[in-house]
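Let me begin by presenting the structure, written as structure tokens, before commenting on it.
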Amino acid sequence: MKKLFFFLNILLSLLLQAQDFPAIFENCLISDTESNIARANPIHITEIDEANNRIKTNYTQLQNLLVEATEKQSWFITQSEEASTIVEILKVDVKSGWITLGETYAGVFNMDEGETLEFFNPFINYKIIQNKPLFKTYPTYIKDAQINYIQAGGIIKRAENDYVLLTPVVFGAHETRAIYYATSSDLENWSFQEKKILDTSQIPFAKKKGNIFSTGNPLPLKNGTYLVLLGVEQPNGNYTSAYMVLNATLDIVKAPQEIKIPNWYGETQNSFPLAITKHNGVYRVLFHRRSKRFIESEVHEITTKNILKAFNQNKGIISSKIIQKAKNETGYLRGKADDASYITYNSKLYILLGSEELPSEYLTSFNREYGLLSLENDQWIHDERSPLIVNPMTIHNKYPEYEWTSDHLGGFISPIFHDNYLYLFLTFGTDNPDYLLSGIKIKTN
């Protein structure tokens with residue numbers, strides 16, 4: 001009986017853990033013995049064995065470095081901003097504390113006592129879908145116009161085995177941007193559709209040859225239509241917040257409208273919406289405010305029980321709070337704050353927050369990475385392990401197949417759950433073009 005009770009307790013514990021969304025993530029980036037956000041206690045070298053090419057550090061939870069990646073990719077030691085130094089870890093002896101090093105794939109490793117470092121393995125948390133950009137034949141032209149890059153702009157599940165990914169397409173050096181789309185039956189094999197949904201020539205308050213993009217997953221409405229959030233470039237170059245409504249065949253049934261909430265629209269503003277959701281009967285919307293230098297930016301959240309009344313008349317707003325004011329933050333949150341997505345998992349609400357750290361000695365410097373927030377008693381609480389989603393950076397010298405991912409991640413993330421996986425569609429930075437649209441998936445069980 002005692003054995004049965006013990007077994008049931010273990011089973012219950014495992015079930016509860018499976019229901020916990022943060023538990024699907026591991027520490028893909030280990031920068032600090034306490035918190036990746038505060039970074040009050042950086043990891044540093046405490047002992048060196050040059051003859052055997054190994055070190056000890058003040059990091060005590062070495063068992064974390066034994067967690068296997070999705071395809072058994074190595075753990076690395078990194079130093080300096082943008083992971084300019086990359087050293088493979090060959091072996092970790094948890095008992096003795098020795099970390100045996102392999103080849104240095106980039107930079108020069110400062111192996112002296114007291115030098116700081118980070119541990120890094122992005123594939124602890126995810127697998128890139130088919131290890132390549134999203135489309136089998138990646139489009140470079142649309143009607144003789146050269147594409148700079150394609151981004152994710154929100155995903156719609158129209159029916160079983162019928163998915164649409166809105167894809168804002170950038171032409172020229174950010175000269176114009178229009179919204180197209182791609183389709184898939186399984187979230188892994190995608191076809192880009194050379195059919196434009198919207199450009200700025202169709203919007204009275206937009207720059208006639210400017211930028212329009214969609215953000216966040218479209219919100220299903222009761223009549224089978226979808227509310228789509230928009231960022232719209234105005235004639236003076238500032239962005240304003242707007243929305244439109246599409247039907248299931250992607251026809252525009254409500255033309256783009258400015259969101260008439262003060263501080264989030266108009267020529268003097270420079271902002272756009274990021275994400276929308278409905279949770280426990282309340283609509284929540286995230287907004288991004290840009291500063292003049294596109295840095296030290298902010299993310300805000302408004303709540304309402306009537307989204308159209310709030311958007312059209314500025315009525316019925318319950319609360320308006322700041323989620324992140326980058327210049328007041330620490331760690332990876334301290335730089336640009338320009339991407340966020342809601343995720344609902346087992347009736348709890350979370351935010352994947354994209355931020356870009358200002359210059360420092362950390363891997364995340366100048367790179368957009370994603371951390372996790374949980375809604376607890378109507379307050380957003382950071383997961384101190386964040387950032388949890390980090391792109392592979394310069395490890396392509398070890399794994400050449402990831403060379404196209406070697407710069408920072410791009411907004412905006414479009415999330416959806418399917419078959420025990422969380423799928424996230426996003427862009428990886430590269431030099432030519434600026435970004436390549438791809439997808440990653442994270443096992444949820």
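As shown in the structure tokens, the chain order sets the letters A, B, ...; within each chain, residues go from 1, and ligands are also counted from 1 in the order they appear.
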
For range 277-395 of chain A against range 211-222 of chain A, with a cut-off of 10 Å and counting only C-alpha atoms, what is the closest atom pair and its distance in Å to one decimal for every residue that makes the cut, ordered by chain and number, as JSON lines?
{"residue": "A:Thr277", "atom": "CA", "partner": "A:Leu219", "partner_atom": "CA", "distance": 6.6}
{"residue": "A:Lys278", "atom": "CA", "partner": "A:Leu219", "partner_atom": "CA", "distance": 8.2}
{"residue": "A:Tyr283", "atom": "CA", "partner": "A:Leu219", "partner_atom": "CA", "distance": 9.9}
{"residue": "A:Val285", "atom": "CA", "partner": "A:Gly216", "partner_atom": "CA", "distance": 9.6}
{"residue": "A:Leu286", "atom": "CA", "partner": "A:Gly216", "partner_atom": "CA", "distance": 9.2}
{"residue": "A:Asp339", "atom": "CA", "partner": "A:Thr215", "partner_atom": "CA", "distance": 9.0}
{"residue": "A:Ala340", "atom": "CA", "partner": "A:Gly216", "partner_atom": "CA", "distance": 8.0}
{"residue": "A:Ser341", "atom": "CA", "partner": "A:Gly216", "partner_atom": "CA", "distance": 6.2}
{"residue": "A:Tyr342", "atom": "CA", "partner": "A:Gly216", "partner_atom": "CA", "distance": 8.0}
{"residue": "A:Ile343", "atom": "CA", "partner": "A:Asn217", "partner_atom": "CA", "distance": 9.9}

Taking only residues of range 214-244 of chain A that have an atom at most 8 Å from an atom of range 203-209 of chain A, what is each one's shortest atom pair and its distance in Å to one decimal, using only C-alpha atoms, in chain and number order, as a Markdown table?
| residue | atom | partner | partner_atom | distance |
| --- | --- | --- | --- | --- |
| A:Val232 | CA | A:Ala206 | CA | 6.2 |
| A:Glu233 | CA | A:Ala206 | CA | 5.7 |
| A:Gln234 | CA | A:Ala206 | CA | 4.5 |
| A:Pro235 | CA | A:Lys207 | CA | 4.2 |
| A:Asn236 | CA | A:Lys207 | CA | 7.7 |
| A:Gly237 | CA | A:Lys207 | CA | 7.7 |

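Nearest residue to Lys95 in chain A among A:Asn367, A:Thr60, A:Asn27, A:Thr78 is A:Thr60, counting only C-alpha atoms.
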
Excluding range 101-114 of chain A and residues on its chain fewer than 3 positions from it, collect all residues at most 10 Å away from it, counting only C-alpha atoms, and give them as a VMD selection string.
-> chain A and resid 43 to 50 52 to 58 76 to 80 83 to 92 98 117 394 to 398

Can you list every residue of range 203-253 of chain A that has an atom at most 6 Å from range 262-273 of chain A, with its nearest atom pair and the distance in Å to one decimal, using only C-alpha atoms, ordered by chain then number, as CSV?
residue,atom,partner,partner_atom,distance
A:Gly231,CA,A:Phe272,CA,4.9
A:Asn238,CA,A:Asn270,CA,4.8
A:Tyr239,CA,A:Asn270,CA,4.7
A:Thr240,CA,A:Tyr265,CA,4.8
A:Ser241,CA,A:Phe272,CA,4.3

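Distances here use only C-alpha atoms; by that measure, the residue among A:Gly410, A:Ser386, A:Ile351, A:Lys196 closest to Leu373 in chain A is A:Ile351.
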
Might you pull out every residue within 8 Å of Phe192 in chain A, with only C-alpha atoms counted and same-chain residues fewer than 4 positions away left off, and present them as number ranges by chain?
-> A: 135, 139, 181-183

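Nearest residue to Tyr180 in chain A, choosing from A:Val282, A:Leu166, A:Ile30, A:Val94 and counting only C-alpha atoms: A:Leu166.
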
Pick out the residues sitting within 7 Å of range 304-315 of chain A, and hand them over as JSON, numbers by chain; count only C-alpha atoms, and ignore anything fewer than 5 positions along from it in its own chain.
-> {"A": [259, 260, 261, 281, 282, 283, 284]}

Same residues, C-alpha atoms, saved as a PDB file, in the first residue's frame:
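The new file result19.pdb reads:
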ATOM      1  CA  ILE A 259      -7.381  52.480 -32.422  1.00  0.00           C
ATOM      2  CA  LYS A 260      -8.860  55.581 -30.775  1.00  0.00           C
ATOM      3  CA  ILE A 261      -7.183  55.197 -27.403  1.00  0.00           C
ATOM      4  CA  GLY A 281     -13.763  37.306 -19.923  1.00  0.00           C
ATOM      5  CA  VAL A 282     -11.338  40.239 -20.233  1.00  0.00           C
ATOM      6  CA  TYR A 283      -9.613  41.415 -23.409  1.00  0.00           C
ATOM      7  CA  ARG A 284      -5.939  42.290 -23.037  1.00  0.00           C
TER       8      ARG A 284
END

Please identify all polymer residues within 7 Å of Glu357 in chain A, counting only C-alpha atoms, omitting same-chain residues fewer than 3 positions from it, and present them as a ChimeraX atom specification.
-> /A:332-336,364-367

For the selection you just gave me, I'd like the residues written to a file as a PDB file, in the first residue's frame, keeping N, CA and C atoms.
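Contents of the output file part34.pdb:
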ATOM      1  N   TYR A 332      18.782  41.319 -19.681  1.00  0.00           N
ATOM      2  CA  TYR A 332      18.427  41.342 -21.100  1.00  0.00           C
ATOM      3  C   TYR A 332      17.252  42.272 -21.387  1.00  0.00           C
ATOM      4  N   LEU A 333      16.566  42.759 -20.352  1.00  0.00           N
ATOM      5  CA  LEU A 333      15.400  43.626 -20.525  1.00  0.00           C
ATOM      6  C   LEU A 333      15.773  45.093 -20.727  1.00  0.00           C
ATOM      7  N   ARG A 334      17.042  45.418 -20.653  1.00  0.00           N
ATOM      8  CA  ARG A 334      17.468  46.802 -20.497  1.00  0.00           C
ATOM      9  C   ARG A 334      17.501  47.597 -21.804  1.00  0.00           C
ATOM     10  N   GLY A 335      17.387  46.931 -22.937  1.00  0.00           N
ATOM     11  CA  GLY A 335      17.502  47.658 -24.196  1.00  0.00           C
ATOM     12  C   GLY A 335      16.171  47.853 -24.886  1.00  0.00           C
ATOM     13  N   LYS A 336      16.119  47.484 -26.156  1.00  0.00           N
ATOM     14  CA  LYS A 336      14.910  47.665 -26.948  1.00  0.00           C
ATOM     15  C   LYS A 336      13.836  46.663 -26.530  1.00  0.00           C
ATOM     16  N   THR A 364      23.568  38.257 -24.885  1.00  0.00           N
ATOM     17  CA  THR A 364      22.343  38.876 -25.389  1.00  0.00           C
ATOM     18  C   THR A 364      22.535  40.313 -25.842  1.00  0.00           C
ATOM     19  N   SER A 365      23.724  40.881 -25.720  1.00  0.00           N
ATOM     20  CA  SER A 365      23.950  42.251 -26.163  1.00  0.00           C
ATOM     21  C   SER A 365      23.632  42.404 -27.644  1.00  0.00           C
ATOM     22  N   PHE A 366      22.874  43.453 -27.959  1.00  0.00           N
ATOM     23  CA  PHE A 366      22.502  43.772 -29.339  1.00  0.00           C
ATOM     24  C   PHE A 366      21.643  42.693 -29.989  1.00  0.00           C
ATOM     25  N   ASN A 367      21.103  41.772 -29.227  1.00  0.00           N
ATOM     26  CA  ASN A 367      20.333  40.673 -29.808  1.00  0.00           C
ATOM     27  C   ASN A 367      18.968  40.555 -29.150  1.00  0.00           C
TER      28      ASN A 367
END

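Minimum atom-to-atom distances from A:Glu34, A:Ile302, A:Arg158, A:Pro122 to Leu246 in chain A were compared using only C-alpha atoms, and the lowest value belongs to A:Arg158.
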
Any chance you could list, as a PyMOL selection string, the residues in range 58-295 of chain A that come up strand (DSSP E or B) when DSSP is run on the backbone?
-> chain A and resi 76-79+85-92+99-106+116+118-120+127-128+135+141-142+145-150+155-159+162-171+176-184+190-198+211-220+226-233+239-246+252-258+271-279+282-289

If you count only C-alpha atoms, which residues fall within 8 Å of Ser320 in chain A, apart from same-chain ones fewer than 6 positions away, as a ChimeraX atom specification?
-> /A:300-303

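Interatomic distance, CA of Pro42 in chain A to CA of Leu409 in chain A: 24.2 Å.
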